[in-house]
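Taking it in order: structure first as structure tokens, then the write-up.
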Amino acid sequence: MTVSILLLLPLLAALALLFIKGDAVKTIALAFSLIELALGVYFITQFQTNISSPQFVFDAAWMPKLGIYFTAAIDGINIIPVILTVGLVPLIIGTTFKREYKNASAFYALIMFMQFGLMLVFTALDGFMFYVGWEAALIPIYFICGMWGGENRVKVTLKFFIYTFAGSLFMLLALIYLYLQTPEHSFDIYKFYALQLNPTQQAWVFAAFLLAFAIKMPIFPLHTWQPDTYTEAPAAGTMLLSGIMLKMGIYGAIRWMIPIAPVGFYEWQNNPLWLAIAGILYASIIAFRVKDSKRLIAYSSIAHVGLIAAGLLAWTIQGLQGAMIQMLNHGLEVVGVFFVLDIIERQLKTRDVDQLGGIAKVAPQLSIAFLIIVLGSVGLPLTNGFIGEFLLLNGVYRYDMWMGIVAGLTIILGAVYMLRAYKNIMQGQTNALTATFTDITAGEKLILGIICVLIIVIGVYPQPVLHLTESSVTQLMNDVNSKISAALLHKK
């Protein structure tokens, strides 16, 4: 069996859902996503961790005269975002069951089409297909936010689209340039890896990729679209954006940017690394002052992703492994937090933290689930966030001690503003508004329970997740470092 089935199923599901009317559409969408999850679990169980080369390869000619092939596979570099995509989509669809959406068929079809785009991004080994997936993932979230978002959705969504589309154009230019440099005019990623670009060429390619990926993560100061979009998007849209879509930028840097332009990366490494660290501090400080709970988590996400970016850009085994596992951890935690906030907003019609308080007294089960998720997000030992943040900070510290110290502030600051938010929302005395709150339903318990169990299980025993990526990460690190060393020797 090849990876093509993971691409075909959500695409067919999206088309089928357009013709289904009524409440049945959400159940059928969930069923499709669970089948996709089952297929993903099958591939994971068949995945050979001791092999760094691609597995479950699908390779078909699309436009061979132009050097374009439909090539996709799974390896240790993309298996984590693949797991994240197949695992989070059914959870996100499950969170929508208490919401009513106008034109629900289109809403759920767009979610499944977005899953197709995301899977194409994460599995494509052809540059043209990677770009197609990149845009295919952007289009549905644009409509999800623009059609079902908040009061300022049109203005905010337009800003989001302009930012991300403009960044992707620079990436397209880089891909076309690389295509023209290959002797046979090919978009094959391994042909790109084999190119002997000079330092100036690599610097420009690196800059073009960096702009596209930094916007998507996002890295300071290209982050300004994110808080507004997260706030105005419908809850499911926010979860898709924060839980999965921003991982496209992290993955793109690991798979495409650094291996293709290793010397350009080496020469300019400090600049994006310092920007990522600046973003950690900036977003954390802003998070202290924000009263809108959804916006607070948006800034928290910028800080956490800034740490992932810093660990990745430090380019150490520890930092890269940390970036891999933290993609999964952050996706779980941020979806859990946004779901809790959606439950509260749906019942109380407010996101203002100052209007809340005492919810733990009337909803103890929700408060326990929320506490576990918050503790995971602040990296408490024996939760999933701990191992990820430990590896990331270790990686940055090994690269530069002072950078590691400054980046480590994200743990301290994050713990303060997240625990304070929990206290203001859940603890204290109930008021006239929160006294009417009711505890979570069976369906909500199931979703939050799955997230909480995974937070604890990965925290207690992260080795299986780390083992999935270890061989490919080591091979990638060695290949890139060899190219950098060869370039430095040639320069001497």
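Numbering starts fresh at 1 for the residues of each chain in the structure tokens, the chains themselves are lettered A, B, ... in the order given, and ligands are numbered from 1 as they appear.
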Item to check | Contacts of stretch 210-220 of chain A at 8 Å (only C-alpha atoms; same-chain gap of 2+ positions) as a ChimeraX atom specification | outcome: /A:163-164,166-171,206-208,222-223,226,245-250,252-253,257,275-276,278-279,302,305-306,309
Kindly save the residues from that selection, with N, CA and C atoms included, as a CSV table (one decimal), in the first residue's frame.
```csv
chain,number,residue,atom,x,y,z
A,163,TYR,N,-0.7,38.0,3.4
A,163,TYR,CA,0.6,37.6,4.0
A,163,TYR,C,1.1,36.3,3.5
A,164,THR,N,0.2,35.2,3.6
A,164,THR,CA,0.7,33.9,3.3
A,164,THR,C,0.9,33.7,1.8
A,166,ALA,N,1.7,36.0,-0.4
A,166,ALA,CA,2.9,36.7,-0.8
A,166,ALA,C,4.1,35.9,-0.5
A,167,GLY,N,4.1,35.3,0.7
A,167,GLY,CA,5.3,34.5,1.1
A,167,GLY,C,5.4,33.3,0.2
A,168,SER,N,4.3,32.7,-0.2
A,168,SER,CA,4.4,31.5,-1.0
A,168,SER,C,4.9,31.8,-2.4
A,169,LEU,N,4.7,33.0,-2.9
A,169,LEU,CA,5.2,33.4,-4.2
A,169,LEU,C,6.8,33.4,-4.2
A,170,PHE,N,7.4,33.8,-3.1
A,170,PHE,CA,8.8,33.8,-3.0
A,170,PHE,C,9.3,32.4,-3.0
A,171,MET,N,8.6,31.5,-2.3
A,171,MET,CA,8.9,30.1,-2.3
A,171,MET,C,8.8,29.5,-3.8
A,206,PHE,N,17.9,30.4,0.2
A,206,PHE,CA,17.5,30.3,1.7
A,206,PHE,C,16.6,31.5,2.1
A,207,ALA,N,16.9,32.7,1.6
A,207,ALA,CA,16.1,33.9,2.0
A,207,ALA,C,14.6,33.7,1.4
A,208,ALA,N,14.5,33.2,0.2
A,208,ALA,CA,13.1,33.0,-0.4
A,208,ALA,C,12.3,32.0,0.4
A,222,LEU,N,7.0,38.8,11.4
A,222,LEU,CA,6.0,38.5,10.3
A,222,LEU,C,4.8,37.8,10.9
A,223,HIS,N,4.5,38.0,12.2
A,223,HIS,CA,3.5,37.3,12.9
A,223,HIS,C,2.2,38.1,13.0
A,226,GLN,N,-1.4,36.6,12.6
A,226,GLN,CA,-1.8,35.5,13.4
A,226,GLN,C,-2.8,35.8,14.5
A,245,MET,N,-1.6,23.7,10.7
A,245,MET,CA,-1.2,24.5,9.5
A,245,MET,C,0.1,25.2,9.8
A,246,LEU,N,0.3,25.7,11.0
A,246,LEU,CA,1.6,26.4,11.2
A,246,LEU,C,2.8,25.5,11.2
A,247,LYS,N,2.5,24.2,11.4
A,247,LYS,CA,3.6,23.2,11.3
A,247,LYS,C,4.2,23.1,9.9
A,248,MET,N,3.4,23.6,8.9
A,248,MET,CA,3.9,23.6,7.5
A,248,MET,C,5.2,24.3,7.4
A,249,GLY,N,5.3,25.5,8.1
A,249,GLY,CA,6.5,26.3,8.1
A,249,GLY,C,7.7,25.6,8.7
A,250,ILE,N,7.5,24.9,9.9
A,250,ILE,CA,8.5,24.2,10.6
A,250,ILE,C,9.0,23.0,9.7
A,252,GLY,N,8.6,22.7,6.5
A,252,GLY,CA,9.3,23.2,5.2
A,252,GLY,C,10.7,23.5,5.5
A,253,ALA,N,11.0,24.1,6.6
A,253,ALA,CA,12.4,24.5,6.9
A,253,ALA,C,13.3,23.3,7.1
A,257,MET,N,14.2,23.9,3.1
A,257,MET,CA,15.1,25.1,3.2
A,257,MET,C,16.6,24.7,3.5
A,275,LEU,N,15.6,36.4,15.7
A,275,LEU,CA,14.2,36.8,15.5
A,275,LEU,C,13.3,35.8,16.2
A,276,ALA,N,13.6,34.5,16.1
A,276,ALA,CA,12.7,33.6,16.8
A,276,ALA,C,12.7,33.8,18.3
A,278,ALA,N,13.5,36.7,19.8
A,278,ALA,CA,12.8,37.9,20.1
A,278,ALA,C,11.3,37.7,20.1
A,279,GLY,N,10.8,36.9,19.2
A,279,GLY,CA,9.4,36.6,19.2
A,279,GLY,C,8.9,35.9,20.4
A,302,ILE,N,2.6,31.9,19.5
A,302,ILE,CA,3.7,32.5,18.8
A,302,ILE,C,5.0,32.3,19.7
A,305,VAL,N,5.9,28.4,19.4
A,305,VAL,CA,6.5,28.1,18.0
A,305,VAL,C,7.8,28.8,17.8
A,306,GLY,N,8.0,30.0,18.5
A,306,GLY,CA,9.3,30.6,18.4
A,306,GLY,C,10.4,29.8,19.0
A,309,ALA,N,11.1,27.0,16.5
A,309,ALA,CA,12.0,27.5,15.4
A,309,ALA,C,13.4,27.7,15.9
```
Give me, as a compact mmCIF listing (two decimals) with N, CA and C atoms, in the first residue's frame, all polymer residues having an atom no more than 9 Å from stretch 145-152 of chain A, counting only C-alpha atoms and skipping those fewer than 4 positions away in the same chain.
```
# COMPACT_ATOMS: atom_id res chain seq x y z
N TYR A 101 -23.64 25.26 11.84
CA TYR A 101 -23.01 26.06 10.80
C TYR A 101 -23.95 26.19 9.61
N LYS A 102 -24.12 27.40 9.14
CA LYS A 102 -24.87 27.62 7.92
C LYS A 102 -24.07 27.00 6.76
N PHE A 107 -18.80 23.60 4.83
CA PHE A 107 -17.88 23.74 5.96
C PHE A 107 -17.06 22.47 6.16
N PRO A 140 -8.91 26.47 1.48
CA PRO A 140 -10.06 26.14 2.35
C PRO A 140 -10.07 26.91 3.67
N ILE A 141 -8.90 27.13 4.28
CA ILE A 141 -8.91 27.86 5.56
C ILE A 141 -9.28 29.31 5.34
N VAL A 156 -9.71 40.71 8.42
CA VAL A 156 -8.66 39.88 9.00
C VAL A 156 -8.25 38.77 8.06
N THR A 157 -9.23 38.13 7.43
CA THR A 157 -8.94 37.03 6.52
C THR A 157 -8.19 37.51 5.29
N LEU A 158 -8.52 38.69 4.82
CA LEU A 158 -7.81 39.25 3.67
C LEU A 158 -6.34 39.49 4.01
N ASP A 228 -4.92 38.16 15.07
CA ASP A 228 -6.23 38.57 14.54
C ASP A 228 -6.95 37.38 13.90
N THR A 229 -6.24 36.59 13.13
CA THR A 229 -6.86 35.46 12.45
C THR A 229 -7.33 34.41 13.44
N THR A 231 -8.22 34.88 16.45
CA THR A 231 -9.33 35.43 17.23
C THR A 231 -10.62 35.43 16.43
N GLU A 232 -10.56 35.80 15.16
CA GLU A 232 -11.76 35.94 14.34
C GLU A 232 -12.21 34.64 13.70
N ALA A 233 -11.33 33.68 13.55
CA ALA A 233 -11.69 32.40 12.92
C ALA A 233 -12.69 31.64 13.80
N PRO A 234 -13.55 30.81 13.20
CA PRO A 234 -14.38 29.92 14.02
C PRO A 234 -13.47 28.96 14.78
N ALA A 235 -13.97 28.39 15.85
CA ALA A 235 -13.10 27.57 16.72
C ALA A 235 -12.40 26.47 15.94
N GLY A 237 -11.62 26.43 12.80
CA GLY A 237 -10.61 27.06 11.96
C GLY A 237 -9.36 27.41 12.75
N THR A 238 -9.56 27.93 13.96
CA THR A 238 -8.42 28.26 14.82
C THR A 238 -7.62 27.02 15.17
```
Next on the checklist: Need to verify the contact set: A:Ser471, 9 Å, only C-alpha atoms, exclusion of same-chain residues closer than 2 positions in sequence. Can you return it as a PyMOL selection string?
Outcome noted: chain A and resi 49-52+76+467-469+473-476
What would the file look like if the residues just selected were written as a short mmCIF file (atom, residue, chain, number, x, y, z; two decimals), in the first residue's frame with N, CA, C and O atoms?
```
data_model
loop_
_atom_site.label_atom_id
_atom_site.label_comp_id
_atom_site.auth_asym_id
_atom_site.auth_seq_id
_atom_site.Cartn_x
_atom_site.Cartn_y
_atom_site.Cartn_z
N THR A 49 11.59 1.97 11.49
CA THR A 49 12.29 3.11 12.09
C THR A 49 13.79 3.12 11.82
O THR A 49 14.44 4.16 11.97
N ASN A 50 14.34 1.96 11.45
CA ASN A 50 15.79 1.90 11.22
C ASN A 50 16.17 2.27 9.79
O ASN A 50 17.34 2.20 9.42
N ILE A 51 15.20 2.67 8.99
CA ILE A 51 15.45 3.06 7.59
C ILE A 51 15.20 4.55 7.45
O ILE A 51 14.11 5.04 7.79
N SER A 52 16.19 5.27 6.94
CA SER A 52 16.04 6.71 6.77
C SER A 52 15.47 7.09 5.40
O SER A 52 15.03 8.21 5.20
N GLY A 76 11.14 9.42 8.31
CA GLY A 76 11.25 9.93 9.66
C GLY A 76 11.16 11.44 9.78
O GLY A 76 10.97 11.97 10.88
N HIS A 467 11.85 7.71 18.65
CA HIS A 467 12.45 6.62 17.87
C HIS A 467 11.99 6.68 16.41
O HIS A 467 12.72 6.27 15.50
N LEU A 468 10.77 7.15 16.17
CA LEU A 468 10.24 7.25 14.81
C LEU A 468 11.11 8.16 13.94
O LEU A 468 11.26 7.93 12.74
N THR A 469 11.68 9.20 14.53
CA THR A 469 12.39 10.21 13.75
C THR A 469 13.91 10.08 13.84
O THR A 469 14.62 10.72 13.06
N VAL A 473 16.53 11.86 11.22
CA VAL A 473 17.11 13.10 11.74
C VAL A 473 18.63 13.02 11.74
O VAL A 473 19.32 13.97 11.33
N THR A 474 19.17 11.90 12.19
CA THR A 474 20.63 11.73 12.21
C THR A 474 21.21 11.79 10.80
O THR A 474 22.23 12.44 10.56
N GLN A 475 20.54 11.11 9.86
CA GLN A 475 21.02 11.11 8.48
C GLN A 475 20.97 12.51 7.88
O GLN A 475 21.92 12.95 7.22
N LEU A 476 19.87 13.22 8.12
CA LEU A 476 19.73 14.59 7.60
C LEU A 476 20.79 15.51 8.20
O LEU A 476 21.43 16.30 7.48
#
```
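Here the residues within stretch 35-172 of chain A that DSSP labels strand (DSSP E) on the basis of the backbone are Gln55, Phe56, Val57, Phe58, Asp59, Ala60, Ala61, Trp62, Met63, Ile68, Tyr69, Phe70, Thr71, Ala72, Ala73 and Ile74 of chain A.
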Next on the checklist: Please return, as a VMD selection string, all residues of stretch 14-236 of chain A that DSSP assigns to alpha helix (DSSP H) on the basis of the backbone.
Outcome noted: chain A and resid 14 to 17 24 to 46 79 to 94 104 to 123 127 to 148 153 to 181 189 to 194 199 to 216 225 to 232 235 to 236
Next on the checklist: Calculated over only C-alpha atoms, which of the candidates A:Lys159, A:Lys26, A:Arg255, A:Arg346 has the smallest distance to A:Phe122?
Outcome noted: A:Arg255
Next on the checklist: Could you check the closest approach to A:Ile373 for each of A:Val205, A:Ile455, A:Ile280, A:Leu138 and tell me which residue wins, using only C-alpha atoms?
Outcome noted: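 Looking only at the distances to A:Ile373, the closest residue turns out to be A:Ile455.
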Checklist entry - A:Val465: which residues within 9 Å, counting only C-alpha atoms, same-chain residues fewer than 6 positions away excluded, as a count of residues only? => result 3
Checklist entry - Which is closest to A:Val263 among A:Thr438, A:Asn481, A:Ser186, A:Thr123, if we use only C-alpha atoms? => result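 Distance minimum relative to A:Val263 lands on A:Asn481.
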Per residue of stretch 360-479 of chain A within 12 Å of stretch 82-96 of chain A, which atom pair is closest and at what distance in Å (one decimal), using only C-alpha atoms, listed by chain and increasing number, as JSON lines?
```
{"residue": "A:Ile440", "atom": "CA", "partner": "A:Thr95", "partner_atom": "CA", "distance": 11.8}
{"residue": "A:Thr441", "atom": "CA", "partner": "A:Thr95", "partner_atom": "CA", "distance": 11.3}
{"residue": "A:Ala442", "atom": "CA", "partner": "A:Gly94", "partner_atom": "CA", "distance": 11.6}
{"residue": "A:Gly443", "atom": "CA", "partner": "A:Gly94", "partner_atom": "CA", "distance": 7.8}
{"residue": "A:Glu444", "atom": "CA", "partner": "A:Thr95", "partner_atom": "CA", "distance": 7.2}
{"residue": "A:Lys445", "atom": "CA", "partner": "A:Thr95", "partner_atom": "CA", "distance": 10.6}
{"residue": "A:Leu446", "atom": "CA", "partner": "A:Gly94", "partner_atom": "CA", "distance": 9.4}
{"residue": "A:Ile447", "atom": "CA", "partner": "A:Leu91", "partner_atom": "CA", "distance": 6.3}
{"residue": "A:Leu448", "atom": "CA", "partner": "A:Leu91", "partner_atom": "CA", "distance": 9.1}
{"residue": "A:Gly449", "atom": "CA", "partner": "A:Leu91", "partner_atom": "CA", "distance": 11.0}
{"residue": "A:Ile450", "atom": "CA", "partner": "A:Leu91", "partner_atom": "CA", "distance": 8.9}
{"residue": "A:Ile451", "atom": "CA", "partner": "A:Leu91", "partner_atom": "CA", "distance": 9.0}
{"residue": "A:Leu454", "atom": "CA", "partner": "A:Gly87", "partner_atom": "CA", "distance": 11.2}
{"residue": "A:Val465", "atom": "CA", "partner": "A:Ile83", "partner_atom": "CA", "distance": 10.3}
{"residue": "A:Leu468", "atom": "CA", "partner": "A:Ile83", "partner_atom": "CA", "distance": 10.9}
```
